[in-house]
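Raw contents of target.cif, mmCIF, C-alpha atoms and all ligand atoms:
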```cif
data_my_file
#
loop_
_atom_site.label_atom_id
_atom_site.label_comp_id
_atom_site.auth_asym_id
_atom_site.auth_seq_id
_atom_site.Cartn_x
_atom_site.Cartn_y
_atom_site.Cartn_z
CA MET F 1 29.77 -5.07 6.75
CA ASP F 2 27.11 -7.55 5.64
CA TYR F 3 23.46 -6.60 5.86
CA ALA F 4 20.36 -8.77 6.05
CA ILE F 5 16.85 -7.93 4.89
CA ALA F 6 14.02 -8.62 7.31
CA THR F 7 10.27 -8.33 7.26
CA LEU F 8 7.17 -9.51 9.05
CA GLY F 9 5.82 -12.83 7.69
CA SER F 10 2.59 -11.60 6.09
CA HIS F 11 1.28 -9.31 3.29
CA SER F 12 4.11 -9.17 0.68
CA ALA F 13 6.83 -10.96 2.65
CA LEU F 14 7.30 -13.75 0.10
CA GLN F 15 7.94 -11.18 -2.59
CA ILE F 16 10.22 -9.02 -0.41
CA LEU F 17 12.31 -11.96 0.79
CA LYS F 18 12.57 -13.62 -2.62
CA GLY F 19 13.59 -10.27 -4.13
CA ALA F 20 16.22 -9.79 -1.42
CA LYS F 21 17.64 -13.26 -2.06
CA ASP F 22 17.81 -12.53 -5.80
CA GLU F 23 19.94 -9.49 -4.97
CA GLY F 24 22.23 -11.59 -2.77
CA PHE F 25 21.04 -10.66 0.73
CA LYS F 26 20.64 -12.87 3.77
CA THR F 27 16.92 -12.85 4.62
CA ILE F 28 14.96 -12.95 7.87
CA ALA F 29 11.23 -13.51 8.37
CA VAL F 30 9.67 -12.59 11.69
CA CYS F 31 6.59 -14.82 11.86
CA ARG F 32 3.73 -15.67 14.09
CA SER F 33 4.48 -19.24 15.22
CA ASP F 34 1.37 -20.60 13.50
CA HIS F 35 2.33 -18.99 10.16
CA SER F 36 6.03 -19.80 10.05
CA PHE F 37 5.57 -23.10 8.13
CA VAL F 38 4.57 -21.09 5.04
CA TYR F 39 7.89 -19.25 4.96
CA ARG F 40 9.74 -22.48 5.63
CA HIS F 41 7.80 -24.14 2.81
CA PHE F 42 8.79 -21.53 0.24
CA GLY F 43 12.40 -21.35 1.41
CA VAL F 44 12.63 -17.59 1.09
CA ALA F 45 14.01 -16.92 4.58
CA ASP F 46 17.49 -17.84 5.78
CA GLU F 47 16.35 -17.21 9.34
CA ILE F 48 12.87 -17.48 10.77
CA ILE F 49 12.19 -15.81 14.09
CA GLU F 50 8.94 -16.95 15.66
CA ILE F 51 6.79 -14.80 17.91
CA PRO F 52 3.55 -15.97 19.57
CA SER F 53 1.64 -12.86 18.45
CA TYR F 54 2.35 -9.62 16.59
CA ARG F 55 2.25 -7.77 19.90
CA GLU F 56 5.53 -9.47 20.75
CA PHE F 57 7.32 -7.94 17.76
CA TYR F 58 9.41 -5.66 20.00
CA ARG F 59 11.15 -8.78 21.35
CA VAL F 60 13.02 -9.35 18.07
CA GLU F 61 14.84 -6.02 18.22
CA ASP F 62 18.11 -7.44 19.58
CA ASP F 63 18.19 -10.28 17.05
CA LEU F 64 17.58 -7.92 14.15
CA VAL F 65 20.24 -5.52 15.36
CA ARG F 66 22.73 -8.39 15.80
CA TRP F 67 22.15 -9.54 12.23
CA ASN F 68 22.45 -6.01 10.93
CA ALA F 69 19.01 -6.33 9.44
CA ILE F 70 17.22 -3.69 7.43
CA LEU F 71 13.49 -3.91 8.18
CA ILE F 72 11.15 -3.54 5.19
CA PRO F 73 7.72 -2.19 6.21
CA HIS F 74 4.44 -3.33 4.70
CA ALA F 75 0.77 -2.85 5.61
CA SER F 76 0.63 -5.77 8.04
CA LEU F 77 3.62 -4.45 9.97
CA ILE F 78 1.91 -1.06 10.21
CA ALA F 79 -1.49 -2.57 11.06
CA TYR F 80 -0.44 -5.17 13.61
CA VAL F 81 2.56 -3.62 15.31
CA ASP F 82 2.08 -0.45 17.35
CA LEU F 83 3.43 2.59 15.47
CA LYS F 84 5.32 3.61 18.61
CA VAL F 85 7.12 0.25 18.74
CA ILE F 86 8.20 0.65 15.11
CA GLU F 87 9.24 4.26 15.63
CA ASN F 88 11.31 3.51 18.72
CA MET F 89 13.06 0.36 17.55
CA LYS F 90 16.78 0.69 16.99
CA VAL F 91 16.53 -1.55 13.92
CA LEU F 92 17.56 -0.14 10.53
CA TYR F 93 14.37 0.76 8.69
CA TYR F 94 13.88 1.19 4.95
CA GLY F 95 11.85 4.30 4.09
CA ASN F 96 10.84 7.57 5.66
CA ARG F 97 9.29 6.57 9.00
CA LYS F 98 7.79 10.03 9.44
CA ILE F 99 5.60 9.61 6.36
CA LEU F 100 3.59 6.89 8.16
CA SER F 101 1.62 9.46 10.12
CA TRP F 102 0.73 11.24 6.86
CA GLU F 103 -0.57 7.99 5.48
CA SER F 104 -2.55 6.79 8.48
CA ASP F 105 -4.47 10.05 9.00
CA ARG F 106 -7.11 10.65 6.29
CA GLU F 107 -7.07 14.43 6.84
CA LYS F 108 -3.30 14.66 6.42
CA GLN F 109 -3.47 12.37 3.42
CA ARG F 110 -5.92 14.70 1.78
CA ILE F 111 -3.68 17.72 2.40
CA TRP F 112 -0.81 15.84 0.74
CA LEU F 113 -2.87 14.75 -2.29
CA GLU F 114 -4.41 18.20 -2.70
CA LYS F 115 -0.97 19.75 -2.60
CA ALA F 116 -0.03 17.37 -5.42
CA GLY F 117 -2.95 18.78 -7.44
CA LEU F 118 -4.71 15.42 -7.96
CA ASN F 119 -8.44 14.90 -8.59
CA LEU F 120 -9.97 13.74 -5.32
CA PRO F 121 -13.50 12.50 -4.58
CA ARG F 122 -15.49 15.07 -2.65
CA VAL F 123 -15.61 14.55 1.13
CA TYR F 124 -18.77 15.40 3.11
CA SER F 125 -18.36 16.68 6.64
CA ASP F 126 -22.01 16.07 7.50
CA PRO F 127 -24.55 13.48 6.29
CA SER F 128 -27.06 16.28 5.59
CA GLU F 129 -24.80 17.42 2.73
CA ILE F 130 -25.02 14.14 0.83
CA ASP F 131 -26.22 15.05 -2.66
CA ARG F 132 -25.07 12.02 -4.66
CA LEU F 133 -23.96 8.43 -4.21
CA VAL F 134 -21.39 8.21 -1.40
CA ILE F 135 -19.18 5.53 0.11
CA VAL F 136 -18.89 5.46 3.90
CA LYS F 137 -15.52 4.32 5.23
CA PHE F 138 -14.37 3.57 8.73
CA GLN F 139 -11.13 4.60 10.35
CA GLY F 140 -8.74 1.75 10.80
CA ALA F 141 -10.94 -0.62 8.77
CA LYS F 142 -8.77 -3.30 7.32
CA GLY F 143 -9.26 -3.86 3.63
CA GLY F 144 -12.63 -2.19 3.20
CA GLN F 145 -14.60 -4.39 5.59
CA GLY F 146 -17.97 -2.88 6.52
CA TYR F 147 -17.88 0.01 4.04
CA PHE F 148 -21.27 0.83 2.59
CA LEU F 149 -22.85 3.00 -0.08
CA ALA F 150 -25.59 5.54 0.60
CA ARG F 151 -27.73 7.60 -1.71
CA ASN F 152 -28.85 10.36 0.68
CA GLU F 153 -29.01 11.33 4.37
CA GLU F 154 -31.95 9.06 5.14
CA ASP F 155 -30.25 6.09 3.54
CA PHE F 156 -27.06 6.94 5.47
CA ASN F 157 -28.89 7.13 8.83
CA ARG F 158 -30.55 3.79 8.19
CA LYS F 159 -27.23 2.05 7.49
CA ILE F 160 -24.80 3.71 9.87
CA GLY F 161 -26.22 2.22 13.08
CA SER F 162 -24.13 3.19 16.09
CA ALA F 163 -20.86 3.28 14.15
CA GLU F 164 -18.48 6.18 14.73
CA ASN F 165 -15.30 7.46 13.13
CA TYR F 166 -16.44 7.36 9.56
CA THR F 167 -15.61 9.33 6.43
CA ILE F 168 -18.26 10.09 3.82
CA GLN F 169 -16.76 10.25 0.38
CA GLU F 170 -18.28 10.80 -3.05
CA TYR F 171 -18.57 7.40 -4.76
CA VAL F 172 -16.84 7.76 -8.11
CA VAL F 173 -18.35 5.46 -10.71
CA GLY F 174 -15.54 4.03 -12.77
CA ILE F 175 -13.04 1.23 -12.64
CA PRO F 176 -10.54 0.87 -9.80
CA VAL F 177 -6.88 1.04 -10.80
CA TYR F 178 -4.14 0.74 -8.18
CA ILE F 179 -0.92 2.29 -9.47
CA HIS F 180 2.38 0.92 -8.11
CA TYR F 181 5.34 3.29 -8.17
CA PHE F 182 8.92 3.16 -6.98
CA TYR F 183 10.91 6.31 -6.39
CA SER F 184 14.62 5.57 -6.48
CA VAL F 185 16.84 7.87 -4.43
CA MET F 186 19.94 6.22 -5.85
CA ARG F 187 18.91 6.91 -9.45
CA ASP F 188 16.78 9.98 -8.73
CA GLU F 189 13.98 8.55 -10.84
CA LEU F 190 10.34 7.60 -10.51
CA GLU F 191 9.63 4.12 -11.88
CA LEU F 192 6.32 2.53 -12.77
CA MET F 193 6.11 -0.98 -11.27
CA GLY F 194 2.62 -1.97 -12.45
CA PHE F 195 -1.13 -1.81 -11.89
CA ASP F 196 -3.63 -4.06 -10.17
CA ARG F 197 -7.26 -4.20 -9.24
CA ARG F 198 -8.68 -5.87 -6.18
CA TYR F 199 -10.95 -8.86 -5.86
CA GLU F 200 -13.36 -8.02 -3.08
CA SER F 201 -16.02 -10.02 -1.32
CA ASN F 202 -18.86 -9.66 -1.74
CA VAL F 203 -18.99 -6.66 -4.10
CA ASP F 204 -17.30 -8.62 -6.90
CA ALA F 205 -19.85 -11.40 -6.48
CA ILE F 206 -22.84 -9.18 -7.27
CA GLY F 207 -22.61 -9.77 -11.00
CA ARG F 208 -22.93 -13.52 -10.41
CA ILE F 209 -26.51 -13.34 -9.22
CA PRO F 210 -29.61 -12.10 -11.06
CA ALA F 211 -30.50 -8.42 -10.62
CA GLU F 212 -33.81 -9.12 -8.86
CA MET F 213 -31.94 -11.03 -6.16
CA GLN F 214 -29.33 -8.34 -5.57
CA HIS F 215 -31.58 -5.99 -3.57
CA ASP F 216 -31.36 -7.76 -0.23
CA LEU F 217 -27.61 -8.10 -0.31
CA LYS F 218 -25.50 -6.07 2.07
CA VAL F 219 -22.55 -5.12 -0.12
CA THR F 220 -19.09 -4.90 1.39
CA TYR F 221 -15.50 -4.60 0.18
CA THR F 222 -13.44 -7.22 1.98
CA ILE F 223 -10.26 -7.72 0.03
CA VAL F 224 -9.48 -11.33 -0.84
CA GLY F 225 -6.97 -11.03 -3.69
CA ASN F 226 -5.75 -9.02 -6.66
CA PHE F 227 -5.65 -9.09 -10.47
CA PRO F 228 -2.96 -7.60 -12.73
CA ILE F 229 -3.90 -4.83 -15.17
CA VAL F 230 -2.16 -3.43 -18.21
CA LEU F 231 -3.27 0.14 -18.87
CA ARG F 232 -3.97 1.93 -22.14
CA GLU F 233 -0.57 3.26 -23.09
CA SER F 234 -1.98 6.74 -23.69
CA LEU F 235 -2.73 6.96 -19.96
CA LEU F 236 0.90 6.48 -18.94
CA PRO F 237 1.92 10.17 -19.23
CA GLU F 238 -0.74 11.12 -16.69
CA VAL F 239 0.26 8.19 -14.48
CA PHE F 240 3.85 9.45 -14.37
CA ARG F 241 2.77 13.07 -13.88
CA MET F 242 0.63 12.14 -10.87
CA GLY F 243 3.40 10.09 -9.30
CA ARG F 244 5.95 12.86 -9.73
CA ARG F 245 3.65 15.44 -8.18
CA VAL F 246 3.06 13.18 -5.18
CA VAL F 247 6.82 12.84 -4.65
CA GLU F 248 7.33 16.62 -4.98
CA ALA F 249 4.49 17.43 -2.57
CA SER F 250 5.82 14.90 -0.05
CA ARG F 251 9.10 16.78 0.11
CA GLU F 252 7.25 19.91 1.21
CA ILE F 253 5.16 18.20 3.89
CA CYS F 254 7.62 15.67 5.28
CA SER F 255 11.24 16.10 4.25
CA PRO F 256 13.03 14.21 2.66
CA GLY F 257 9.67 13.04 1.29
CA ILE F 258 8.50 9.71 0.05
CA TYR F 259 10.86 7.23 -1.53
CA GLY F 260 10.77 3.55 -2.38
CA PRO F 261 7.45 1.90 -3.23
CA PHE F 262 4.09 3.64 -2.95
CA CYS F 263 0.65 3.29 -4.49
CA LEU F 264 -2.07 5.61 -5.69
CA GLU F 265 -5.48 4.03 -5.34
CA THR F 266 -7.66 5.46 -8.08
CA VAL F 267 -10.95 5.16 -9.90
CA VAL F 268 -10.83 5.93 -13.63
CA THR F 269 -14.00 7.47 -15.06
CA PRO F 270 -15.26 7.10 -18.65
CA ASP F 271 -13.70 10.49 -19.55
CA LEU F 272 -10.36 8.92 -18.52
CA LYS F 273 -9.83 10.99 -15.39
CA PHE F 274 -8.06 9.45 -12.41
CA TYR F 275 -9.73 10.13 -9.07
CA VAL F 276 -7.37 9.31 -6.22
CA PHE F 277 -9.13 8.09 -3.09
CA GLU F 278 -6.10 6.95 -1.13
CA ILE F 279 -2.33 6.73 -1.06
CA SER F 280 -0.31 3.89 0.45
CA ALA F 281 3.16 5.08 1.36
CA ARG F 282 4.85 1.69 1.12
CA ILE F 283 4.66 -1.59 -0.78
CA VAL F 284 1.06 -2.71 -1.41
CA ALA F 285 -0.13 -6.32 -1.61
CA GLY F 286 -1.28 -5.70 -5.20
CA THR F 287 2.38 -5.87 -6.25
CA ASN F 288 2.22 -9.59 -5.38
CA VAL F 289 0.62 -10.22 -8.77
CA PHE F 290 4.02 -9.30 -10.21
CA MET F 291 6.25 -11.51 -8.02
CA GLU F 292 8.29 -12.23 -11.10
CA SER F 293 7.84 -8.91 -12.87
CA SER F 294 5.29 -6.59 -14.39
CA PRO F 295 5.68 -5.85 -18.10
CA TYR F 296 6.73 -2.30 -17.22
CA ALA F 297 9.43 -3.27 -14.71
CA TRP F 298 10.67 -5.94 -17.09
CA ILE F 299 11.06 -3.43 -19.95
CA LYS F 300 12.72 -0.89 -17.68
CA HIS F 301 15.23 -3.27 -16.08
CA GLY F 302 15.72 -5.77 -18.89
CA LYS F 303 15.18 -8.62 -16.43
CA PRO F 304 12.47 -9.76 -14.03
CA MET F 305 12.02 -7.11 -11.33
CA SER F 306 9.36 -7.32 -8.63
CA THR F 307 8.84 -4.43 -6.25
CA GLY F 308 10.41 -6.58 -3.54
CA ARG F 309 13.50 -7.11 -5.65
CA ARG F 310 13.54 -3.40 -6.60
CA ILE F 311 13.75 -2.50 -2.90
CA ALA F 312 16.70 -4.87 -2.46
CA LEU F 313 18.40 -3.52 -5.58
CA GLU F 314 18.07 0.03 -4.21
CA ILE F 315 19.56 -1.06 -0.88
CA ARG F 316 22.39 -2.89 -2.63
CA GLU F 317 23.24 0.17 -4.74
CA ALA F 318 23.12 2.36 -1.62
CA ILE F 319 25.54 0.04 0.18
CA GLU F 320 27.88 -0.08 -2.81
CA GLN F 321 27.89 3.73 -3.07
CA ASP F 322 28.16 4.20 0.69
CA ARG F 323 24.84 6.10 0.70
CA LEU F 324 22.75 3.81 2.89
CA LYS F 325 21.89 6.64 5.30
CA GLU F 326 19.91 8.37 2.53
CA ILE F 327 17.34 5.58 2.35
CA LEU F 328 17.00 4.62 6.00
CA GLY F 329 14.35 6.56 7.90
P1 LIG M 401 -6.59 -0.09 2.21
O1 LIG M 401 -6.42 0.90 3.32
O2 LIG M 401 -6.19 -1.48 2.52
O3 LIG M 401 -6.10 0.41 0.90
P2 LIG M 401 -9.34 0.44 2.58
O4 LIG M 401 -9.87 -0.34 3.70
O5 LIG M 401 -9.00 1.87 2.88
O6 LIG M 401 -8.14 -0.29 1.94
P3 LIG M 401 -10.31 1.24 0.09
O7 LIG M 401 -9.28 0.66 -0.79
O8 LIG M 401 -10.19 2.68 0.41
O9 LIG M 401 -10.38 0.40 1.41
O10 LIG M 401 -11.73 1.00 -0.53
C1 LIG M 401 -12.38 -0.25 -0.61
C2 LIG M 401 -13.12 -0.39 -1.94
O11 LIG M 401 -13.94 0.73 -2.20
C3 LIG M 401 -12.22 -0.52 -3.15
O12 LIG M 401 -12.79 -1.43 -4.05
C4 LIG M 401 -12.23 0.81 -3.80
O13 LIG M 401 -12.04 0.70 -5.18
C5 LIG M 401 -13.61 1.31 -3.45
N1 LIG M 401 -13.62 2.76 -3.28
C6 LIG M 401 -13.01 3.43 -2.28
N2 LIG M 401 -13.24 4.75 -2.38
C7 LIG M 401 -14.01 4.92 -3.47
C8 LIG M 401 -14.59 6.06 -4.10
N3 LIG M 401 -14.44 7.29 -3.59
N4 LIG M 401 -15.33 5.86 -5.21
C9 LIG M 401 -15.52 4.61 -5.70
N5 LIG M 401 -14.99 3.50 -5.15
C10 LIG M 401 -14.25 3.65 -4.05
#
```
Output the file's structure in the form of structure tokens.
Amino acid sequence: MDYAIATLGSHSALQILKGAKDEGFKTIAVCRSDHSFVYRHFGVADEIIEIPSYREFYRVEDDLVRWNAILIPHASLIAYVDLKVIENMKVLYYGNRKILSWESDREKQRIWLEKAGLNLPRVYSDPSEIDRLVIVKFQGAKGGQGYFLARNEEDFNRKIGSAENYTIQEYVVGIPVYIHYFYSVMRDELELMGFDRRYESNVDAIGRIPAEMQHDLKVTYTIVGNFPIVLRESLLPEVFRMGRRVVEASREICSPGIYGPFCLETVVTPDLKFYVFEISARIVAGTNVFMESSPYAWIKHGKPMSTGRRIALEIREAIEQDRLKEILG
């Protein structure tokens, strides 16, 4: 039986579809009508299914089933399509669907990361406890929009306004490093796919204006793009150790655990400690900087290997070994 690979036309779809084509799959992009020309332009999709808005995603179920499509999730699918719709669709789905609830709930995420024994920034349950620089995050915020820093309770009260559903987290001063992993069920191995950092507006613009003019600026963290990073090689052992512990802990909390691509979002301090402030349990947009390959994936596979292509390779090996069930959630 022939399979197709499908995804929603946004986020990392170009990478996913190109990777799937490279591994010999038929590809399908489900696109908002006003975005479909991009996927046509790049020629990565054999079929383009247009929907007027993401809310209409459920309508494509029959088409995807007919084409025997395996749906690859990414952040836009999770953000724009109701979790219930995704969970109830009869479409083949790559990954452990149950892990999504562990990712989307900050409390559950923390339990998972603590179980994995990682360094986490302190979380404050009440503004009166703030005793150092903190970052205030909002539930469901997309890409860091509206986050702010506060020095103490008074500062917090001044900035919070009427906002609700926030998390107060210790602000770790260091450099952000987003670690891209891939856990292969077929090969029973954790692979390192690369590292990126984000380019955020307006926080990354602060250095472009003189210090005396920075005071009035309201800093925020709206993601606009990403840069590739190559890490000090001596940090790689810890990178692998953290990734392995996350996979092991995930098996305890949500069997069969996490597999495929995932990302640890970290800040590295001057004493070279990784503080993990978030986990993404699927492909992250930062992998787009390695659409051809990261140096690490290239060394490992001996040929260009993006995360999108790695997903397709895993699916191809599963089909060839008649083990597809093991990687569909
Ligand atoms: P996404 O869910 O898309 O990953 P987000 O909206 O949750 O993004 P974050 O990535 O959590 O946003 O954070 C936005 C910015 O704040 C990033 O630049 C990140 O490096 C920085 N940041 C987040 N938490 C901390 C922290 N505890 N200490 C220092 N910087 C942080």
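The gap separating atom CA of F:Val123 from atom CA of F:Tyr171 is 9.7 Å, in Å to one decimal.
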Exercise: F:Ser36 partners within 12 Å, all atoms listed in the file, chain neighbours under 2 positions left out, as JSON, numbers by chain: {"F": [8, 9, 10, 13, 14, 28, 29, 30, 31, 32, 33, 34, 38, 39, 40, 41, 42, 43, 44, 45, 47, 48, 49, 50, 51, 52, 53]}
Atomic separation - atom CA of F:Ile283 relative to atom CA of F:Phe262, Å: 5.7 Å
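Proximity to F:Ser306 was assessed for F:Leu113, F:Met193, F:Leu100, F:Val247 counting only C-alpha atoms; the smallest distance is recorded for F:Met193.
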Residue with smallest distance to ligand LIG 401 (chain M) - pool F:Lys303, F:Lys137, F:Lys18, F:His215, counting all atoms listed in the file: F:Lys137
Atomic separation - atom CA of F:Ala6 relative to atom CA of F:Ile72, Å: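 That distance, rounded to one decimal, is 6.2 Å.
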Would you mind completing stretch 267-277 of chain F to all heavy atoms and writing the output as a CSV table (one decimal), in the coordinates of the input?
```csv
chain,number,residue,atom,x,y,z
F,267,VAL,N,-9.8,5.6,-9.1
F,267,VAL,CA,-11.0,5.2,-9.9
F,267,VAL,C,-10.9,5.9,-11.2
F,267,VAL,O,-10.7,7.2,-11.2
F,267,VAL,CB,-12.3,5.4,-9.2
F,267,VAL,CG1,-13.5,5.1,-10.2
F,267,VAL,CG2,-12.4,4.6,-7.9
F,268,VAL,N,-10.9,5.3,-12.3
F,268,VAL,CA,-10.8,5.9,-13.6
F,268,VAL,C,-12.2,6.0,-14.2
F,268,VAL,O,-12.9,5.0,-14.4
F,268,VAL,CB,-9.9,5.2,-14.6
F,268,VAL,CG1,-9.7,5.9,-15.9
F,268,VAL,CG2,-8.5,5.0,-13.9
F,269,THR,N,-12.6,7.2,-14.5
F,269,THR,CA,-14.0,7.5,-15.1
F,269,THR,C,-14.0,7.3,-16.6
F,269,THR,O,-12.9,7.3,-17.2
F,269,THR,CB,-14.5,8.9,-14.6
F,269,THR,OG1,-13.4,9.8,-15.0
F,269,THR,CG2,-14.7,8.9,-13.2
F,270,PRO,N,-15.2,7.3,-17.2
F,270,PRO,CA,-15.3,7.1,-18.6
F,270,PRO,C,-14.6,8.2,-19.4
F,270,PRO,O,-14.2,8.0,-20.6
F,270,PRO,CB,-16.8,7.1,-18.9
F,270,PRO,CG,-17.4,6.7,-17.7
F,270,PRO,CD,-16.5,7.2,-16.6
F,271,ASP,N,-14.4,9.4,-18.8
F,271,ASP,CA,-13.7,10.5,-19.6
F,271,ASP,C,-12.2,10.4,-19.3
F,271,ASP,O,-11.4,11.3,-19.5
F,271,ASP,CB,-14.3,11.9,-19.2
F,271,ASP,CG,-14.3,12.1,-17.7
F,271,ASP,OD1,-14.0,11.2,-16.9
F,271,ASP,OD2,-14.5,13.2,-17.2
F,272,LEU,N,-11.8,9.3,-18.7
F,272,LEU,CA,-10.4,8.9,-18.5
F,272,LEU,C,-9.7,9.8,-17.5
F,272,LEU,O,-8.5,10.1,-17.6
F,272,LEU,CB,-9.6,8.9,-19.8
F,272,LEU,CG,-10.1,7.8,-20.8
F,272,LEU,CD1,-9.3,7.9,-22.1
F,272,LEU,CD2,-9.9,6.4,-20.2
F,273,LYS,N,-10.4,10.2,-16.5
F,273,LYS,CA,-9.8,11.0,-15.4
F,273,LYS,C,-9.5,10.0,-14.3
F,273,LYS,O,-10.3,9.1,-14.0
F,273,LYS,CB,-10.8,12.0,-14.9
F,273,LYS,CG,-10.7,13.4,-15.5
F,273,LYS,CD,-11.4,14.4,-14.6
F,273,LYS,CE,-11.3,15.7,-15.2
F,273,LYS,NZ,-12.6,16.5,-15.0
F,274,PHE,N,-8.4,10.2,-13.6
F,274,PHE,CA,-8.1,9.4,-12.4
F,274,PHE,C,-8.5,10.2,-11.2
F,274,PHE,O,-8.1,11.3,-10.9
F,274,PHE,CB,-6.5,9.3,-12.3
F,274,PHE,CG,-5.9,8.4,-13.3
F,274,PHE,CD1,-5.6,8.9,-14.6
F,274,PHE,CD2,-5.7,7.0,-13.0
F,274,PHE,CE1,-5.0,8.0,-15.5
F,274,PHE,CE2,-5.1,6.2,-14.0
F,274,PHE,CZ,-4.8,6.7,-15.2
F,275,TYR,N,-9.4,9.6,-10.4
F,275,TYR,CA,-9.7,10.1,-9.1
F,275,TYR,C,-9.0,9.3,-8.0
F,275,TYR,O,-9.1,8.1,-8.0
F,275,TYR,CB,-11.2,10.0,-8.8
F,275,TYR,CG,-12.0,11.1,-9.6
F,275,TYR,CD1,-12.3,10.8,-11.0
F,275,TYR,CD2,-12.3,12.3,-9.1
F,275,TYR,CE1,-13.0,11.8,-11.7
F,275,TYR,CE2,-13.0,13.3,-9.8
F,275,TYR,CZ,-13.3,13.0,-11.1
F,275,TYR,OH,-13.9,14.0,-11.9
F,276,VAL,N,-8.2,10.0,-7.2
F,276,VAL,CA,-7.4,9.3,-6.2
F,276,VAL,C,-8.1,9.3,-4.9
F,276,VAL,O,-8.4,10.4,-4.3
F,276,VAL,CB,-6.0,10.0,-6.1
F,276,VAL,CG1,-5.1,9.3,-5.0
F,276,VAL,CG2,-5.3,10.1,-7.4
F,277,PHE,N,-8.4,8.1,-4.4
F,277,PHE,CA,-9.1,8.1,-3.1
F,277,PHE,C,-8.2,7.7,-1.9
F,277,PHE,O,-8.6,7.8,-0.8
F,277,PHE,CB,-10.4,7.2,-3.1
F,277,PHE,CG,-10.1,5.8,-3.5
F,277,PHE,CD1,-9.8,4.9,-2.5
F,277,PHE,CD2,-10.2,5.4,-4.8
F,277,PHE,CE1,-9.5,3.5,-2.9
F,277,PHE,CE2,-10.0,4.0,-5.1
F,277,PHE,CZ,-9.6,3.1,-4.2
```
